[in-house]
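S.K.: What follows is the file my_file_19.json, containing JSON, C-alpha atoms:
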[["chain", "number", "residue", "atom", "x", "y", "z"],
["A", 1389, "MET", "CA", 65.26, 41.78, -170.51],
["A", 1390, "GLY", "CA", 68.81, 40.41, -170.49],
["A", 1391, "ARG", "CA", 67.62, 37.24, -168.71],
["A", 1392, "ASP", "CA", 65.07, 36.52, -171.44],
["A", 1393, "ARG", "CA", 67.71, 36.92, -174.14],
["A", 1394, "HIS", "CA", 70.00, 34.53, -172.30],
["A", 1395, "THR", "CA", 67.21, 31.97, -172.03],
["A", 1396, "ARG", "CA", 66.47, 32.18, -175.77],
["A", 1397, "ILE", "CA", 70.13, 31.63, -176.61],
["A", 1398, "ILE", "CA", 70.28, 28.50, -174.44],
["A", 1399, "LEU", "CA", 67.06, 27.14, -176.00],
["A", 1400, "VAL", "CA", 68.45, 27.69, -179.53],
["A", 1401, "LEU", "CA", 71.69, 25.90, -178.62],
["A", 1402, "LEU", "CA", 69.79, 22.95, -177.19],
["A", 1403, "LEU", "CA", 67.69, 22.66, -180.32],
["A", 1404, "LEU", "CA", 70.79, 22.78, -182.54],
["A", 1405, "THR", "CA", 72.46, 20.11, -180.42],
["A", 1406, "ALA", "CA", 69.41, 17.83, -180.59],
["A", 1407, "PHE", "CA", 69.14, 18.28, -184.36],
["A", 1408, "THR", "CA", 72.85, 17.48, -184.77],
["A", 1409, "LEU", "CA", 72.57, 14.29, -182.70],
["A", 1410, "ILE", "CA", 69.53, 13.11, -184.64],
["A", 1411, "THR", "CA", 71.31, 13.69, -187.95],
["A", 1412, "LEU", "CA", 74.40, 11.79, -186.84],
["A", 1413, "ASN", "CA", 72.29, 8.90, -185.53],
["A", 1414, "LEU", "CA", 70.42, 8.55, -188.81],
["A", 1415, "ARG", "CA", 73.61, 8.63, -190.91],
["A", 1416, "GLN", "CA", 75.87, 6.39, -188.81],
["A", 1417, "GLY", "CA", 73.31, 3.91, -187.38],
["A", 1418, "SER", "CA", 74.62, 1.82, -184.49],
["A", 1419, "ALA", "CA", 78.10, 3.39, -184.79],
["A", 1420, "SER", "CA", 76.83, 6.84, -183.90],
["A", 1421, "PRO", "CA", 77.53, 8.42, -180.48],
["A", 1422, "ALA", "CA", 73.77, 8.36, -179.84],
["A", 1423, "GLY", "CA", 73.89, 4.57, -180.07],
["A", 1424, "ASP", "CA", 76.39, 4.50, -177.22],
["A", 1425, "LEU", "CA", 74.09, 6.74, -175.21],
["A", 1426, "ARG", "CA", 71.11, 4.45, -175.89],
["A", 1427, "ARG", "CA", 73.06, 1.37, -174.86],
["A", 1428, "LEU", "CA", 74.19, 3.11, -171.72],
["A", 1429, "GLY", "CA", 70.63, 4.10, -170.89],
["A", 1430, "ALA", "CA", 69.41, 0.55, -171.55],
["A", 1431, "GLY", "CA", 72.08, -0.85, -169.24],
["A", 1432, "VAL", "CA", 71.15, 1.56, -166.48],
["A", 1433, "PHE", "CA", 67.36, 1.60, -166.80],
["A", 1434, "GLY", "CA", 66.74, -1.91, -168.21],
["A", 1435, "PRO", "CA", 66.79, -3.76, -164.86],
["A", 1436, "LEU", "CA", 64.60, -1.09, -163.35],
["A", 1437, "GLU", "CA", 62.10, -1.48, -166.19],
["A", 1438, "ARG", "CA", 62.01, -5.29, -165.74],
["A", 1439, "VAL", "CA", 61.43, -4.96, -162.00],
["A", 1440, "THR", "CA", 58.71, -2.39, -162.61],
["A", 1441, "ALA", "CA", 57.04, -4.65, -165.21],
["A", 1442, "ALA", "CA", 57.18, -7.66, -162.86],
["A", 1443, "VAL", "CA", 55.45, -5.63, -160.16],
["A", 1444, "VAL", "CA", 52.92, -3.94, -162.41],
["A", 1445, "ARG", "CA", 51.95, -7.04, -164.52],
["A", 1446, "PRO", "CA", 50.07, -8.98, -161.73],
["A", 1447, "ILE", "CA", 48.33, -5.81, -160.67],
["A", 1448, "SER", "CA", 47.30, -5.14, -164.27],
["A", 1449, "GLY", "CA", 46.13, -8.75, -164.70],
["A", 1450, "ALA", "CA", 44.15, -8.63, -161.47],
["A", 1451, "TRP", "CA", 42.56, -5.38, -162.52],
["A", 1452, "GLN", "CA", 41.61, -6.89, -165.87],
["A", 1453, "ASP", "CA", 40.11, -9.93, -164.06],
["A", 1454, "VAL", "CA", 38.13, -7.63, -161.80],
["A", 1455, "THR", "CA", 36.86, -5.57, -164.70],
["A", 1456, "SER", "CA", 35.94, -8.71, -166.72],
["A", 1457, "LEU", "CA", 34.33, -10.54, -163.74],
["A", 1458, "GLY", "CA", 30.93, -9.08, -164.47],
["A", 1459, "SER", "CA", 30.93, -10.25, -168.08],
["A", 1460, "LYS", "CA", 32.09, -13.76, -167.07],
["A", 1461, "ASN", "CA", 29.33, -14.01, -164.50],
["A", 1462, "ARG", "CA", 26.79, -12.94, -167.09],
["A", 1463, "THR", "CA", 28.13, -15.58, -169.51],
["A", 1464, "ILE", "CA", 27.90, -18.30, -166.85],
["A", 1465, "ALA", "CA", 24.36, -17.24, -165.94],
["A", 1466, "THR", "CA", 23.35, -17.29, -169.62],
["A", 1467, "LEU", "CA", 24.82, -20.76, -170.16],
["A", 1468, "THR", "CA", 23.11, -22.03, -166.99],
["A", 1469, "ARG", "CA", 19.74, -20.72, -168.17],
["A", 1470, "GLU", "CA", 20.20, -22.26, -171.61],
["A", 1471, "ASN", "CA", 21.18, -25.61, -170.08],
["A", 1472, "GLU", "CA", 18.15, -25.64, -167.81],
["A", 1473, "GLN", "CA", 15.92, -24.65, -170.72],
["A", 1474, "LEU", "CA", 17.24, -27.58, -172.76],
["A", 1475, "ARG", "CA", 16.63, -29.95, -169.86],
["A", 1476, "THR", "CA", 13.09, -28.65, -169.49],
["A", 1477, "GLU", "CA", 12.45, -29.06, -173.21],
["A", 1478, "LEU", "CA", 13.70, -32.65, -173.09],
["A", 1479, "ARG", "CA", 11.46, -33.46, -170.12],
["A", 1480, "THR", "CA", 8.51, -31.73, -171.76],
["A", 1481, "SER", "CA", 9.08, -33.56, -175.03],
["A", 1482, "ALA", "CA", 9.22, -36.94, -173.28],
["A", 1483, "LEU", "CA", 6.05, -36.16, -171.33],
["A", 1484, "ALA", "CA", 4.31, -34.92, -174.47],
["A", 1485, "ARG", "CA", 5.24, -38.11, -176.33],
["A", 1486, "ALA", "CA", 3.97, -40.30, -173.47],
["A", 1487, "ARG", "CA", 0.76, -38.27, -173.24],
["A", 1488, "ALA", "CA", 0.21, -38.50, -176.99],
["A", 1489, "ALA", "CA", 0.77, -42.28, -176.96],
["A", 1490, "GLN", "CA", -1.73, -42.77, -174.12],
["A", 1491, "LEU", "CA", -4.27, -40.51, -175.81],
["A", 1492, "ASP", "CA", -3.92, -42.40, -179.11],
["A", 1493, "ALA", "CA", -4.43, -45.74, -177.34],
["A", 1494, "LEU", "CA", -7.46, -44.38, -175.46],
["A", 1495, "LEU", "CA", -9.12, -42.98, -178.58],
["A", 1496, "HIS", "CA", -8.36, -46.17, -180.50],
["A", 1497, "LEU", "CA", -9.99, -48.39, -177.87],
["A", 1498, "ALA", "CA", -13.00, -46.06, -177.47],
["A", 1499, "GLY", "CA", -13.50, -45.80, -181.24],
["A", 1500, "LEU", "CA", -13.20, -49.53, -181.79],
["A", 1501, "GLY", "CA", -15.69, -50.27, -179.01],
["A", 1502, "GLN", "CA", -18.00, -47.38, -180.02],
["A", 1503, "TYR", "CA", -17.84, -45.87, -176.54],
["A", 1504, "LYS", "CA", -18.59, -42.18, -176.25],
["A", 1505, "ILE", "CA", -16.06, -40.92, -173.70],
["A", 1506, "VAL", "CA", -14.94, -37.77, -171.91],
["A", 1507, "PRO", "CA", -11.12, -37.75, -171.64],
["A", 1508, "ALA", "CA", -9.71, -36.79, -168.26],
["A", 1509, "GLN", "CA", -6.39, -36.69, -166.45],
["A", 1510, "VAL", "CA", -5.67, -38.45, -163.17],
["A", 1511, "ILE", "CA", -4.60, -35.77, -160.70],
["A", 1512, "ALA", "CA", -4.46, -37.82, -157.48],
["A", 1513, "ILE", "CA", -4.30, -41.42, -156.29],
["A", 1514, "ALA", "CA", -5.50, -42.44, -152.81],
["A", 1515, "PRO", "CA", -4.56, -46.08, -152.17],
["A", 1516, "ALA", "CA", -5.69, -46.00, -148.55],
["A", 1517, "GLN", "CA", -8.46, -43.41, -148.45],
["A", 1518, "GLY", "CA", -11.30, -45.02, -146.51],
["A", 1519, "PHE", "CA", -9.62, -48.42, -147.02],
["A", 1520, "SER", "CA", -10.27, -48.19, -150.75],
["A", 1521, "TRP", "CA", -8.26, -47.62, -153.88],
["A", 1522, "THR", "CA", -9.48, -44.45, -155.58],
["A", 1523, "ALA", "CA", -8.30, -41.87, -158.07],
["A", 1524, "THR", "CA", -9.33, -38.27, -158.67],
["A", 1525, "ILE", "CA", -9.75, -37.00, -162.23],
["A", 1526, "ASP", "CA", -10.03, -33.42, -163.52],
["A", 1527, "ALA", "CA", -13.50, -33.72, -165.08],
["A", 1528, "GLY", "CA", -16.87, -33.55, -163.37],
["A", 1529, "SER", "CA", -20.57, -32.90, -163.74],
["A", 1530, "ARG", "CA", -20.10, -29.88, -165.99],
["A", 1531, "ASP", "CA", -18.41, -32.27, -168.45],
["A", 1532, "GLY", "CA", -21.37, -34.65, -168.41],
["A", 1533, "ILE", "CA", -19.93, -37.11, -165.89],
["A", 1534, "ALA", "CA", -22.22, -38.78, -163.35],
["A", 1535, "PRO", "CA", -21.80, -41.49, -160.69],
["A", 1536, "GLU", "CA", -21.67, -45.15, -161.73],
["A", 1537, "MET", "CA", -20.09, -44.50, -165.11],
["A", 1538, "THR", "CA", -17.36, -46.78, -166.47],
["A", 1539, "VAL", "CA", -13.77, -45.48, -166.53],
["A", 1540, "LEU", "CA", -11.18, -46.97, -168.89],
["A", 1541, "ASP", "CA", -7.86, -46.16, -170.49],
["A", 1542, "GLY", "CA", -6.12, -47.32, -173.65],
["A", 1543, "GLN", "CA", -5.47, -50.77, -172.17],
["A", 1544, "GLY", "CA", -8.73, -51.67, -170.48],
["A", 1545, "LEU", "CA", -10.92, -51.25, -167.39],
["A", 1546, "VAL", "CA", -9.81, -48.68, -164.79],
["A", 1547, "GLY", "CA", -12.92, -48.58, -162.54],
["A", 1548, "ARG", "CA", -16.17, -46.73, -162.02],
["A", 1549, "VAL", "CA", -17.14, -43.22, -160.95],
["A", 1550, "ARG", "CA", -18.22, -43.07, -157.32],
["A", 1551, "SER", "CA", -18.89, -39.35, -156.79],
["A", 1552, "VAL", "CA", -18.58, -36.10, -158.72],
["A", 1553, "THR", "CA", -18.21, -32.37, -158.20],
["A", 1554, "SER", "CA", -18.57, -29.73, -160.86],
["A", 1555, "SER", "CA", -14.94, -30.06, -161.95],
["A", 1556, "THR", "CA", -13.66, -33.36, -160.51],
["A", 1557, "ALA", "CA", -14.72, -36.96, -159.97],
["A", 1558, "THR", "CA", -13.66, -39.78, -157.67],
["A", 1559, "VAL", "CA", -13.08, -43.13, -159.32],
["A", 1560, "VAL", "CA", -13.08, -46.45, -157.48],
["A", 1561, "LEU", "CA", -10.38, -48.51, -159.16],
["A", 1562, "ALA", "CA", -11.00, -52.03, -160.39],
["A", 1563, "ILE", "CA", -8.24, -53.31, -158.08],
["A", 1564, "ASP", "CA", -10.10, -52.09, -154.98],
["A", 1565, "PRO", "CA", -10.96, -55.09, -152.73],
["A", 1566, "SER", "CA", -14.60, -53.99, -152.59],
["A", 1567, "THR", "CA", -14.90, -54.03, -156.39],
["A", 1568, "LYS", "CA", -16.51, -57.03, -158.08],
["A", 1569, "VAL", "CA", -16.99, -57.03, -161.83],
["A", 1570, "ALA", "CA", -19.03, -59.52, -163.85],
["A", 1571, "ILE", "CA", -16.90, -60.93, -166.66],
["A", 1572, "ARG", "CA", -17.03, -63.17, -169.68],
["A", 1573, "MET", "CA", -14.02, -65.37, -170.33],
["A", 1574, "GLY", "CA", -12.59, -65.88, -173.79],
["A", 1575, "GLY", "CA", -12.42, -69.36, -175.24],
["A", 1576, "SER", "CA", -15.13, -71.03, -173.13],
["A", 1577, "LEU", "CA", -17.30, -67.87, -172.95],
["A", 1578, "GLN", "CA", -17.96, -68.71, -169.29],
["A", 1579, "ILE", "CA", -19.34, -66.06, -166.93],
["A", 1580, "GLY", "CA", -17.78, -65.24, -163.61],
["A", 1581, "VAL", "CA", -16.78, -62.50, -161.19],
["A", 1582, "VAL", "CA", -13.43, -60.75, -160.80],
["A", 1583, "GLN", "CA", -12.50, -59.10, -157.50],
["A", 1584, "GLY", "CA", -9.68, -56.63, -156.83],
["A", 1585, "ASN", "CA", -6.79, -57.28, -154.44],
["A", 1586, "GLY", "CA", -4.95, -53.96, -154.41],
["A", 1587, "LEU", "CA", -1.70, -54.14, -156.33],
["A", 1588, "GLY", "CA", -1.77, -57.94, -156.17],
["A", 1589, "PRO", "CA", -3.33, -60.12, -158.89],
["A", 1590, "MET", "CA", -7.12, -60.00, -159.16],
["A", 1591, "THR", "CA", -9.20, -63.05, -158.21],
["A", 1592, "LEU", "CA", -11.56, -64.84, -160.63],
["A", 1593, "GLN", "CA", -14.41, -67.21, -159.79],
["A", 1594, "LEU", "CA", -16.58, -68.78, -162.50],
["A", 1595, "LEU", "CA", -20.28, -69.45, -161.95],
["A", 1596, "ASP", "CA", -19.79, -73.01, -163.20],
["A", 1597, "PRO", "CA", -17.22, -74.68, -160.90],
["A", 1598, "ARG", "CA", -16.64, -77.41, -163.49],
["A", 1599, "ALA", "CA", -15.82, -75.01, -166.31],
["A", 1600, "SER", "CA", -12.26, -75.08, -167.57],
["A", 1601, "LEU", "CA", -9.86, -72.31, -166.67],
["A", 1602, "VAL", "CA", -6.99, -71.92, -169.12],
["A", 1603, "PRO", "CA", -4.04, -69.64, -168.30],
["A", 1604, "GLY", "CA", -3.76, -66.89, -170.87],
["A", 1605, "ASP", "CA", -7.50, -66.67, -171.59],
["A", 1606, "PRO", "CA", -8.69, -63.03, -171.77],
["A", 1607, "LEU", "CA", -11.47, -61.54, -169.66],
["A", 1608, "VAL", "CA", -13.83, -58.70, -170.62],
["A", 1609, "THR", "CA", -16.65, -56.97, -168.78],
["A", 1610, "LEU", "CA", -20.01, -58.71, -169.14],
["A", 1611, "GLY", "CA", -21.85, -55.40, -168.91],
["A", 1612, "SER", "CA", -24.54, -53.97, -166.64],
["A", 1613, "THR", "CA", -28.10, -52.91, -167.30],
["A", 1614, "GLY", "CA", -28.00, -49.56, -169.06],
["A", 1615, "GLY", "CA", -24.20, -49.69, -169.12],
["A", 1616, "ARG", "CA", -23.86, -48.69, -165.45],
["A", 1617, "PRO", "CA", -21.63, -49.18, -163.63],
["A", 1618, "TYR", "CA", -19.86, -51.19, -166.34],
["A", 1619, "VAL", "CA", -20.34, -51.21, -170.08],
["A", 1620, "ALA", "CA", -19.78, -54.47, -171.96],
["A", 1621, "GLY", "CA", -16.64, -55.56, -173.78],
["A", 1622, "VAL", "CA", -13.96, -53.63, -171.86],
["A", 1623, "PRO", "CA", -10.77, -55.74, -171.50],
["A", 1624, "ILE", "CA", -9.87, -56.60, -167.89],
["A", 1625, "GLY", "CA", -6.92, -58.98, -167.99],
["A", 1626, "THR", "CA", -5.79, -62.56, -168.57],
["A", 1627, "VAL", "CA", -5.97, -65.71, -166.47],
["A", 1628, "ASP", "CA", -2.65, -66.23, -164.76],
["A", 1629, "ARG", "CA", -2.80, -69.22, -162.39],
["A", 1630, "VAL", "CA", -5.56, -71.68, -161.45],
["A", 1631, "ALA", "CA", -5.98, -73.10, -157.93],
["A", 1632, "LEU", "CA", -8.50, -75.48, -156.32],
["A", 1633, "THR", "CA", -10.20, -74.13, -153.20],
["A", 1634, "PRO", "CA", -9.68, -76.66, -150.36],
["A", 1635, "GLY", "CA", -12.88, -78.45, -149.30],
["A", 1636, "THR", "CA", -14.92, -77.28, -152.30],
["A", 1637, "LEU", "CA", -15.28, -77.95, -155.97],
["A", 1638, "THR", "CA", -14.84, -74.23, -156.71],
["A", 1639, "ARG", "CA", -11.69, -73.28, -158.54],
["A", 1640, "GLU", "CA", -10.18, -69.84, -158.36],
["A", 1641, "ALA", "CA", -7.75, -68.19, -160.71],
["A", 1642, "THR", "CA", -5.55, -65.16, -160.41],
["A", 1643, "VAL", "CA", -5.87, -62.53, -163.11],
["A", 1644, "THR", "CA", -3.20, -60.14, -164.37],
["A", 1645, "PRO", "CA", -4.91, -56.85, -165.37],
["A", 1646, "TYR", "CA", -4.11, -55.14, -168.65],
["A", 1647, "VAL", "CA", -4.03, -51.71, -166.97],
["A", 1648, "ASP", "CA", -0.92, -50.57, -165.11],
["A", 1649, "PHE", "CA", -2.56, -48.98, -162.08],
["A", 1650, "THR", "CA", 0.75, -47.56, -160.85],
["A", 1651, "ALA", "CA", 1.06, -45.38, -163.96],
["A", 1652, "LEU", "CA", -2.45, -44.02, -164.54],
["A", 1653, "TYR", "CA", -2.44, -40.73, -166.41],
["A", 1654, "LEU", "CA", -5.06, -40.30, -169.14],
["A", 1655, "VAL", "CA", -8.42, -42.03, -168.79],
["A", 1656, "GLY", "CA", -11.81, -41.85, -170.44],
["A", 1657, "VAL", "CA", -15.23, -41.82, -168.76],
["A", 1658, "VAL", "CA", -17.86, -43.61, -170.84],
["A", 1659, "VAL", "CA", -20.85, -41.28, -170.98],
["A", 1660, "GLN", "CA", -22.71, -43.37, -173.56],
["A", 1661, "PRO", "CA", -22.49, -47.18, -173.93],
["A", 1662, "PRO", "CA", -22.10, -48.85, -177.34],
["A", 1663, "ARG", "CA", -25.14, -49.93, -179.34],
["A", 1664, "THR", "CA", -23.80, -53.48, -179.61],
["A", 1665, "ASP", "CA", -21.56, -55.54, -177.36],
["A", 1666, "PRO", "CA", -18.02, -55.48, -178.81],
["A", 1667, "ARG", "CA", -17.35, -58.85, -177.15],
["A", 1668, "PHE", "CA", -13.63, -59.59, -177.49],
["A", 1669, "ALA", "CA", -12.86, -57.14, -180.29],
["A", 1670, "LEU", "CA", -10.87, -54.89, -177.93],
["A", 1671, "VAL", "CA", -8.70, -57.60, -176.39],
["A", 1672, "PRO", "CA", -5.04, -57.09, -177.34],
["A", 1673, "PRO", "CA", -3.50, -59.95, -179.30],
["A", 1674, "ARG", "CA", -1.48, -62.52, -177.44],
["A", 1675, "PRO", "CA", 2.28, -62.21, -177.87],
["A", 1676, "THR", "CA", 3.57, -64.75, -180.38],
["A", 1677, "PRO", "CA", 6.46, -66.85, -179.05],
["A", 1678, "THR", "CA", 9.56, -66.96, -181.21],
["A", 1679, "PRO", "CA", 10.11, -70.49, -182.60],
["A", 1680, "THR", "CA", 13.50, -72.04, -181.89],
["A", 1681, "ALA", "CA", 15.33, -74.82, -183.68],
["A", 1682, "THR", "CA", 15.37, -78.17, -181.84],
["A", 1683, "PRO", "CA", 18.25, -80.51, -182.72],
["A", 1684, "THR", "CA", 17.32, -84.17, -183.28],
["A", 1685, "PRO", "CA", 19.44, -86.97, -181.82],
["A", 1686, "THR", "CA", 21.85, -88.49, -184.33],
["A", 1687, "ALA", "CA", 22.38, -92.17, -184.93],
["A", 1688, "SER", "CA", 25.16, -93.81, -182.98],
["A", 1689, "ALA", "CA", 28.40, -93.82, -184.91],
["A", 1690, "SER", "CA", 30.67, -96.80, -185.37],
["A", 1691, "PRO", "CA", 33.84, -96.95, -183.26],
["A", 1692, "GLY", "CA", 36.48, -94.62, -184.57],
["A", 1693, "ALA", "CA", 34.07, -92.69, -186.80],
["A", 1694, "THR", "CA", 33.46, -88.97, -186.29],
["A", 1695, "PRO", "CA", 29.73, -88.20, -186.01],
["A", 1696, "THR", "CA", 28.33, -85.35, -188.05],
["A", 1697, "PRO", "CA", 25.81, -83.23, -186.06],
["A", 1698, "THR", "CA", 22.47, -82.60, -187.77],
["A", 1699, "ALA", "CA", 19.39, -80.62, -186.71],
["A", 1700, "SER", "CA", 15.80, -80.76, -187.78],
["A", 1701, "ALA", "CA", 14.11, -77.72, -189.24],
["A", 1702, "SER", "CA", 12.33, -75.46, -186.78],
["A", 1703, "LEU", "CA", 8.59, -75.28, -186.50],
["A", 1704, "GLY", "CA", 8.72, -71.78, -187.93],
["A", 1705, "ALA", "CA", 10.53, -73.02, -191.03],
["A", 1706, "SER", "CA", 8.06, -75.83, -191.67],
["A", 1707, "SER", "CA", 5.10, -73.55, -191.20],
["A", 1708, "SER", "CA", 6.57, -71.02, -193.61],
["A", 1709, "ALA", "CA", 6.98, -73.78, -196.16],
["A", 1710, "ASN", "CA", 3.33, -74.81, -195.80],
["A", 1711, "PRO", "CA", 1.44, -71.69, -194.71],
["A", 1712, "SER", "CA", -2.07, -72.12, -193.38],
["A", 1713, "PRO", "CA", -4.82, -69.55, -193.97],
["A", 1714, "ARG", "CA", -5.65, -67.21, -191.05],
["A", 1715, "SER", "CA", -9.18, -66.30, -190.15],
["A", 1716, "THR", "CA", -10.13, -62.62, -189.92],
["A", 1717, "GLY", "CA", -12.47, -61.05, -187.45],
["A", 1718, "GLY", "CA", -15.83, -59.97, -188.62]]
Could you show the structure in this file as structure tokens?
M.R.:
Amino acid sequence: MGRDRHTRIILVLLLLTAFTLITLNLRQGSASPAGDLRRLGAGVFGPLERVTAAVVRPISGAWQDVTSLGSKNRTIATLTRENEQLRTELRTSALARARAAQLDALLHLAGLGQYKIVPAQVIAIAPAQGFSWTATIDAGSRDGIAPEMTVLDGQGLVGRVRSVTSSTATVVLAIDPSTKVAIRMGGSLQIGVVQGNGLGPMTLQLLDPRASLVPGDPLVTLGSTGGRPYVAGVPIGTVDRVALTPGTLTREATVTPYVDFTALYLVGVVVQPPRTDPRFALVPPRPTPTPTATPTPTASASPGATPTPTASASLGASSSANPSPRSTGG
């Protein structure tokens, strides 16, 4: 009992002392005795606090890095997925644009020539299969395709169908060395035969060895009976170079095809030939060279005189001054 009373007295004294110190500190500010005690405590414990902070800070930072590592990894993974998605969208957009351009060219050529076609995609190329150049397309007999049908794309003749399955077909390309196509040449309207040479230029021989061969003249298919294997009027290429065969009067010419056989993608199989021969209506126009100004020689100047350079007007300028009427196709 006496011990409890003694404890209560000590507790009351401590509370009174604490209250007194607080009151003095509030009234006297930095001049109070409590200020001296605070400064003493700061001098004693300050270095210890700095050492403790220097030790604890790296540990705290490392712990924060560890705890935030998961969120950083998730952010990196999210950014990586978004970047890959953007790359895929760019590739898909470029492919879609190229596919749309080829499809537009194919439909334009087929519509202009009145060919009824079945569009198909090239899914394989076999440049050495059985020593022949062939392609596999993703359309077959269930799509109405049969052997010996003409295959074309938006630029011109691709080849002919050799064999079919229900869902695919094998096409012998026009550049195959075994392929010979009867042609009609623009300008002279001469008839001849074009033969493939792989990725090299095609070879042209005219039936009339004395007929003129002019570089740049276009060639189109002459056409077969019933439109098989080749319908009429499909562009093939242009005459590139003319050569005389040694020992004969026959002249040969190399032909540059319109079709890029290294980039075949969308093609059309002609399932119904046109009612009338389109002739040269499908041949792309020749590129027009850009006229350039040609300076004319000036008269010789007298000694000591400074000549003034002059130039004649270009052909393009004179033609624009006196335009000539252009004929239109019927």
S.K.: Write out as a PyMOL selection string each polymer residue whose atoms come within 8 Å of Leu1654 in chain A, counting all atoms listed in the file; drop sequence neighbours fewer than 4 positions from it.
M.R.: chain A and resi 1487+1490-1491+1494+1507-1510+1541
S.K.: Could you tell me how far CA of Asp1665 in chain A sits from CA of Leu1610 in chain A, in Å to one decimal place?
M.R.: 8.9 Å
S.K.: For range 1523-1525 of chain A, work out the shell of residues within 10 Å, counting only C-alpha atoms and skipping chain neighbours fewer than 5 positions away, then give it as a PyMOL selection string.
M.R.: chain A and resi 1507-1515+1517+1546-1547+1549+1551-1552+1555-1561+1649+1652-1657
S.K.: Figure out the distance between CA of Val1627 in chain A and CA of Pro1603 in chain A, please, to one decimal in Å.
M.R.: 4.7 Å
S.K.: Taking into account only C-alpha atoms, which residue in the set A:Arg1616, A:His1496, A:Arg1663, A:Arg1674 is nearest to Tyr1646 in chain A?
M.R.: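 Result for the nearest residue to Tyr1646 in chain A: A:Arg1674.
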S.K.: May I ask which of the residues A:Ala1493, A:Gln1502, A:Val1400, A:Arg1639 is the closest one to Gln1543 in chain A, counting only C-alpha atoms?
M.R.: A:Ala1493
S.K.: Compare A:Thr1609, A:Thr1664, A:Thr1476, A:Ser1459 by their minimum atom-to-atom distance to Gly1544 in chain A, counting all atoms listed in the file, and give me the closest one.
M.R.: A:Thr1609
S.K.: Work out where the centre of an axis-aligned box around every listed atom of range 1483-1495 of chain A lies and how long its edges are once 8 Å is added on each side; give both in Å to one decimal as JSON.
M.R.:
{"center_x": -1.5, "center_y": -40.3, "center_z": -175.2, "size_x": 31.2, "size_y": 26.8, "size_z": 23.8}
S.K.: One decimal, in Å: what's the spacing between CA of Met1537 in chain A and CA of Pro1617 in chain A?
M.R.: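 Computed distance, CA of Met1537 in chain A to CA of Pro1617 in chain A, equals 5.1 Å.
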S.K.: Which residues, written as a PyMOL selection string, have at least one atom at most 12 Å from range 1580-1597 of chain A, with all atoms listed in the file counted and residues fewer than 5 positions away on the same chain left out?
M.R.: chain A and resi 1514-1516+1519-1522+1545-1547+1560-1574+1602-1603+1605-1611+1624-1633+1636-1651
S.K.: Could you tell me which of A:Leu1540, A:Leu1601, A:Leu1500, A:Gly1528 comes closest to Phe1668 in chain A if we count all atoms listed in the file?
M.R.: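 Answer, going by the shortest atom-to-atom distance: A:Leu1500.
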S.K.: For a quick check of understanding, using all atoms listed in the file, which of A:Thr1538, A:Gln1578, A:Ser1554, A:Thr1613 has the smallest distance to Asp1526 in chain A?
M.R.: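 With all atoms listed in the file as the atom set, the closest residue is A:Ser1554.
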